[in-house]
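Peer 1: Structure incoming, see below.
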Amino acid sequence: MPFHETEVLIIGAGVLGAATARELSRYKVDVTVVEKGVDVGWGITKANVGVVCQGRDTLEFRPEYHRTRLLWRALPLMEPLCRELEVPFKKVGAYMMVRDQVLKEKLDKLAKRTESLGLGSDKYYPFTELREREPYISPEIKGGLHDPEIAVVHPVYLTQALMENAVSNGVNLMLETEVTGIQAGHSEFTVQTDHGEIKARYVINAAGEWVDRIAAMVNADDFVLFPIKGYVGVLDRNCSQLAGSLLAVLPEEPGDMNIVVPTVEGNLLFGIQLQINRRHDRSTTEHMARLALANARKLIPEISEKDVINSFCGFLMFRNFEIGWHECEVAMSARVPRFVNMTIGYPGVSASPGAALEVVEIMQADGLKLEPDPKFNPHRKDIPDFSVLTEKERKALVRKDPRYGHVVCRCETVTEGEIVEAVRRGATTLDGVKFRVRPGTGRCQGGFCGPRVSRIIARELGIPETEVTKAGGGSPQVPLRTKQLLEEGGGDG
Amino acid sequence: MANKVDVAVIGAGPAGLAAAIAAREQGAEKVLIIERAEQLGGLLPQCIHNGFGLEYFERDMTGPEYEKAFVERAMGLGVETQLETMVIDLDGERGITAVSRKHGYMKFKPGAVVLAMGCRERSRGAVGIPGTRPAGVLTAGTCQRFVNIEGYMPGSRYVVLGSGDIGMIMARRLTLEGAKVEAVVEIMPWPGGLIRNEVQCLHDFGIPLLLEHTVSFVHGEKRVEGVSVCRVDAERRPIGGSERFIPCDCLLISAGLIPENELSRRAGVELDPVTGGPVVDESRQTSVPGVFAGGNVVQVHDLVDWVSREAELAGRSAAAFADKGRLKPAGGVKVVPGESIRYVVPHTISGREDVSLHMRVTRPGLKATVKVGGVASKRFRSVRPSEMIVIDLKGDALKEAGTGGELTVDCRMKEGD
């Protein structure tokens with residue numbers, strides 16, 4: 001017996017799944033999203049530097065590529081979307097720089113291409129002028145091409161906002177529900193999950209890191225994926241002045257990424273791209289950390305090991321080698337009708353609004369009736385961010401709800417009011433709260449606020465603190481009460 | 001604020017309490033301590049071990065006992081406190097912006113400010129430990145709070161990275177709680193904390209201390225499943241092939257403390273890159289007039305007793321500033337650390353008054369002689385970077401010796417630990 005029936009089933013609540021769910025929520029259609037994780041946006045969406053790329057940063061970005069078309073479609077949508085959903089979006093601009101005068105020719109070519117594609121005209125700044133705009137760049141840099149359109153967005157905030165808005169418009173979200181098998185029937189799919197069967201007429205496979213495995217369950221794996229691993233270091237906010245824009249060095253080898261990116265919050269990230277890697281292995285190594293720091297210092301010599309407050313690894317899922325790194329798969333399977341695969345690789349976050357539109361059209365063309373829902377509300381209110389409010393706004397907020405006067409996380413100035421609201425909006429874990437309102441993302445990394453956030457989560461969810469987890473089942477923060485080990489006869493004896 | 005605050009003290013740990021008491025005793029009318037936590041005492045309430053007060057009270061006390069002695073004095077003197085209140089801004093004119101559930105949003109300008117924010121622990125991110133990112137990696141101080149205040153255990157089998165005092169004390173505490181501590185791993189050739197803690201917390205409990213080792217990898221997807229530990233070379237880099245796996249469900253980090261100076265930065269206080277704390281004169285006045293600092297916010301002390309002493313000095317000076325509206329900076333003589341000295345606090349002295357110099361050596365040594373210009377010298381059987389050296393100078397001697405505007409402090413020693 002199916003435990004659930006739906007018209008459209010989306011597998012995966014990453015940025016692509018969430019964007020598609022939100023796009024579909026404009027219509028009178030039954031949509032369900034299943035996500036195996038405990039929260040949304042925690043797969044390949046999460047470990048990302050959050051650059052809203054304009055498709056003009058590399059010569060390999062050809063207009064005939066599908067991903068380019070999706071991206072260009074998404075470009076005008078991203079900022080208004082962020083405004084509707086109250087997701088921080090910051091146009092920081094970017095400098096694509098060279099250390100070698102010979103490579104300047106490549107920059108000229110890039111600028112020409114940008115102009116010929118009608119994307120604007122990027123200006124080249126020689127070192128002395130560049131240094132006036134970005135005073136901390138290395139004297140080794142010869143000059144750089146300025147792209148004023150590059151923006152940053154937090155991919156997890158965007159995913160949460162898309163999903164929150166989709167759910168408020170009637171989409172059904174099932175977390176901690178893992179797909180274990182799929183059968184294609186005549187007119188519908190039977191999808192097995194660890195919670196029972198779901199019947200669905202359309203399946204949208206947006207399973208991110210596992211998109212090929214899900215597709216293979218129903219023989220819709222028309223593509224092969226290779227995970228490329230990247231390493232990202234996070235700098236203390238005290239270093240924000242070191243870069244005002246995205247700074248990158250023009251790669252001399254494909255995949256030779258070396259960038260420094262400001263986040264919407266004002267931290268700087270620095271990153272390098274590594275190589276094809278074992279899937280799901282998000283571990284960092286000493287070698288990566290050293291290489292990334294050394295590279296970042298070639299851009300900005302003042303970046304110091306002392307200012308690194310965190311680091312993580314993420315993946316990009318790239319398609320077949322034979323056609324280069326450049327293609328994506330956003331299409332109905334050639335072999336399985338009504339089964340749509342969605343995987344972009346780079347730049348997934350930036351292209352997501354375009355990909356969502358295209359998937360809706362693919363289903364419409366296939367005969368899915370989509371009648372606009374007059375009750376659709378495109379707006380979503382963000383959780384108030386005490387740290388950026390004006391004095392007047394702060395006073396008003398604290399008067400309305402004194403919990404906003406209780407600062408729990410000192411480094412990021414996060415109040416109890418924000419944490420409670422994050423839990424109310426679906427955060428059930430420490431990371432869930434951290435990835436909504438930031439306690440523990442600052443320089444002390446939760447040393448002070450960790451125990452306090454844990455207590456608030458337990459209180460709000462009405463669970464014992466021993467059941468509060470870092471990121472879902474199997475990851476409790478404090479699994480035992482004191483004296484418990486003594487009563488049980490000690491750890492190992 | 002109903003009445004003007006004469007001295008505002010930021011932080012109610014041992015430094016804040018001592019500074020507030022001293023300010024009141026010096027005659028400041030209204031002294032207010034602002035504290036972000038729910039109770040007074042800073043980290044003292046969670047330091048339930050002994051070893052406090054040996055210098056200050058000449059008595060062996062626990063953290064809570066030491067705290068109580070100061071809290072009672074402060075309350076007796078009518079020091080005012082605001083708990084669960086966060087100072088979110090301090091400007092260069094001593095203007096304080098604070099916020100709390102109870103009092104809402106506040107802005108005021110006290111007669112003088114004492115910075116007593118203490119320090120924070122270096123986190124996993126700051127230490128840069130490679131591997132996965134599961135639950136079960138936390139700093140020793142956070143673990144101490146969970147165990148001693150909240151009543152929870154973060155795990156049952158531990159490895160401690162870093163032999164700082166809190167790490168060694170927690171190794172013993174967790175063992176007493178029935179947990180197994182597999183090892184304390186220290187990257188340097190000498191322990192990071194006090195000898196007495198090495199003996200009483202590790203040796204007495206049979207906990208191995210692995211010197212010149214580090215944690216090279218954290219394993220586990222959801223919870224820590226173990227760590228790789230390896231030897232390091234002279235550059236503190238892991239030696240390939242020396243790794244071994246130690247199963248555990250928790251990694252504690254006790255790899256150094258960082259003075260908490262974000263507010264000082266906002267106020268434009270000049271900081272010393274070596275100590276991480278404000279540059280201060282002998283009265284503990286910072287580069288911003290009327291802003292004083294004492295305790296671990298200035299330099300990470302080894303004993304709380306020195307924290308209290310230094311903060312008292314800051315508190316007295318703040319009261320004097322609040323009274324007169326000014327206090328001449330005592331900056332006649334610059335104190336310069338020599339090759340074997342990592343830092344000296346205060347950074348400048350008047351050269352006329354009695355003053356205590358606090359310093360740390362860069363490496364351990366035997367039969368050491370610390371020389372302060374031509375003014376004073378003191379001998380030590382052994383010196384270690386983990387232990388603070390204090391040298392008292394007499395104003396008369398300083399005046400007599402004449403310093404030429406600079407006083408170099410250096411240490412001659414034989415290599416050895």
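In the structure tokens, the first chain shown is A, the next is B, and so on; residue numbers restart at 1 for each chain, and ligands run from 1 in the order shown.
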Taking only C-alpha atoms into account, report as a PyMOL selection string which residues of chain B lie within 7 Å of chain A.
Peer 2: chain B and resi 84+86+99-101+104-105+120+123+125-126+130-132+135-136+139+142+146-147+151-157+177-180+222-223
Peer 1: Please report, as a PyMOL selection string, each residue of segment 321-374 of chain A to which DSSP assigns strand (DSSP E or B) when run on this structure's backbone.
Peer 2: chain A and resi 329-332+339-343+372
Peer 1: Neighbours of Met61 of chain B within 9 Å (only C-alpha atoms; same-chain residues fewer than 6 positions away dropped), as a list in words?
Peer 2: His49, Asn50, Gly51, Phe52, Gly53 and Leu54 of chain B
Peer 1: Here is a test: counting only C-alpha atoms, which residue of A:Lys36, A:Arg278, A:Arg438, A:Arg380 is nearest to Met174 of chain A?
Peer 2: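 The shortest atom-to-atom distance to Met174 of chain A comes from A:Lys36.
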Peer 1: Quick one: residues within 12 Å of segment 408-414 of chain B, only C-alpha atoms counted, chain neighbours fewer than 5 positions away excluded, as an mmCIF file with C-alpha atoms, in the first residue's frame?
Peer 2:
data_model
loop_
_atom_site.group_PDB
_atom_site.id
_atom_site.type_symbol
_atom_site.label_atom_id
_atom_site.label_comp_id
_atom_site.auth_asym_id
_atom_site.auth_seq_id
_atom_site.Cartn_x
_atom_site.Cartn_y
_atom_site.Cartn_z
ATOM 1 C CA VAL B 333 60.211 54.024 29.279
ATOM 2 C CA LYS B 334 59.637 51.362 26.671
ATOM 3 C CA VAL B 335 60.078 47.759 27.800
ATOM 4 C CA VAL B 336 61.655 45.651 25.065
ATOM 5 C CA PRO B 337 61.721 41.838 25.076
ATOM 6 C CA GLY B 338 65.105 40.326 24.161
ATOM 7 C CA GLU B 339 65.715 37.266 21.980
ATOM 8 C CA SER B 340 64.719 34.655 24.563
ATOM 9 C CA ILE B 341 61.690 36.555 25.882
ATOM 10 C CA ARG B 342 58.410 36.249 24.012
ATOM 11 C CA TYR B 343 56.784 39.329 25.504
ATOM 12 C CA VAL B 344 56.770 41.624 28.509
ATOM 13 C CA VAL B 345 53.721 43.361 30.004
ATOM 14 C CA PRO B 346 53.390 46.297 30.591
ATOM 15 C CA HIS B 347 54.758 47.625 27.343
ATOM 16 C CA THR B 348 55.758 50.969 28.830
ATOM 17 C CA LEU B 357 56.985 42.977 34.894
ATOM 18 C CA HIS B 358 55.155 39.902 33.569
ATOM 19 C CA MET B 359 56.880 37.882 30.889
ATOM 20 C CA ARG B 360 57.208 34.538 29.200
ATOM 21 C CA VAL B 361 60.280 32.860 27.731
ATOM 22 C CA THR B 362 60.336 31.534 24.176
ATOM 23 C CA ARG B 363 61.723 28.090 25.114
ATOM 24 C CA PRO B 364 62.431 26.051 28.226
ATOM 25 C CA GLY B 365 65.829 26.313 29.911
ATOM 26 C CA LEU B 366 67.820 25.527 33.049
ATOM 27 C CA LYS B 367 69.821 27.755 35.390
ATOM 28 C CA ALA B 368 68.262 30.843 33.903
ATOM 29 C CA THR B 369 69.043 34.445 34.717
ATOM 30 C CA VAL B 370 66.536 37.091 33.673
ATOM 31 C CA LYS B 371 68.090 40.545 33.372
ATOM 32 C CA VAL B 372 66.084 43.754 33.235
ATOM 33 C CA GLY B 373 68.423 46.330 31.705
ATOM 34 C CA GLY B 374 70.968 47.195 34.327
ATOM 35 C CA VAL B 375 68.235 47.547 36.930
ATOM 36 C CA ALA B 376 67.489 44.067 38.182
ATOM 37 C CA SER B 377 68.201 40.428 37.618
ATOM 38 C CA LYS B 378 66.634 37.258 38.969
ATOM 39 C CA ARG B 379 67.736 33.618 38.865
ATOM 40 C CA PHE B 380 65.560 30.600 38.205
ATOM 41 C CA ARG B 381 66.383 26.889 38.498
ATOM 42 C CA SER B 382 64.333 26.340 35.338
ATOM 43 C CA VAL B 383 62.077 28.375 33.067
ATOM 44 C CA ARG B 384 59.281 27.192 30.764
ATOM 45 C CA ILE B 389 57.837 35.008 35.125
ATOM 46 C CA VAL B 390 57.180 37.995 37.368
ATOM 47 C CA ILE B 391 59.915 40.455 38.276
ATOM 48 C CA THR B 403 67.052 53.844 31.500
#
Peer 1: Using only C-alpha atoms, find the one residue out of B:Arg36, B:Lys328, B:Lys102, B:Arg133 that sits nearest to Ile349 of chain B.
Peer 2: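 That would be B:Lys328, the residue with the smallest distance to Ile349 of chain B.
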Peer 1: Counting only C-alpha atoms, which residue out of B:Val114, B:Leu17, B:Ala183, B:Leu271 sits closest to Ala318 of chain B?
Peer 2: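 That would be B:Val114, the residue with the smallest distance to Ala318 of chain B.
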Peer 1: Using Å and a single decimal, report how far atom CA of Val179 of chain A sits from atom CA of Glu7 of chain A.
Peer 2: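 If I compute the distance from atom CA of Glu7 of chain A to atom CA of Val179 of chain A, I get 16.8 Å.
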Peer 1: From the list B:Asp6, B:Glu121, B:Glu415, B:Asp249, which residue is nearest Ala28 of chain B when using only C-alpha atoms?
Peer 2: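 Among B:Asp6, B:Glu121, B:Glu415, B:Asp249, it is B:Asp6 that comes nearest to Ala28 of chain B.
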Peer 1: When DSSP is applied to the backbone of this structure, which of segment 30-251 of chain A are assigned alpha helix (DSSP H)? Write them out as an MDAnalysis selection string.
Peer 2: chainID A and resid 66:85 104:116 127:133 155:168 211:216
Peer 1: Nearest to Glu302 of chain A: which of A:Thr159, A:Leu274, A:Pro135, A:Pro126 is it, counting only C-alpha atoms?
Peer 2: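 Result for the nearest residue to Glu302 of chain A: A:Pro135.
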Peer 1: Taking into account only C-alpha atoms, which residue in the set B:Ile253, B:Ala23, B:Val215, B:Gln200 is nearest to Ser163 of chain B?
Peer 2: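 Smallest distance to Ser163 of chain B is found for B:Ile253.
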Peer 1: Excluding Cys47 of chain B and any residue of its chain fewer than 2 positions from it, enumerate the residues within 12 Å of it, using only C-alpha atoms, and give them as a PyMOL selection string.
Peer 2: chain B and resi 13-14+41-45+49-52+61-67+140-149+165-167+169-170+173+304
Peer 1: Applying 12 Å and only C-alpha atoms, which residues near Met163 of chain A remain after dropping the ones on its own chain fewer than 2 positions away? List them as a PyMOL selection string.
Peer 2: chain A and resi 10+12-25+31-35+39-41+85+156-161+165-175+378-380+425-426
Peer 1: If we count only C-alpha atoms and set the cut-off at 9 Å, which residues sit around Ala200 of chain A, ignoring sequence neighbours fewer than 4 positions away in its own chain? Please answer as a list in words.
Peer 2: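 Here the answer would be His4, Glu5, Thr6, Glu7, Val8, Leu9, Thr32, Ser187, Glu188, Phe189, Thr190 and Val191 of chain A.
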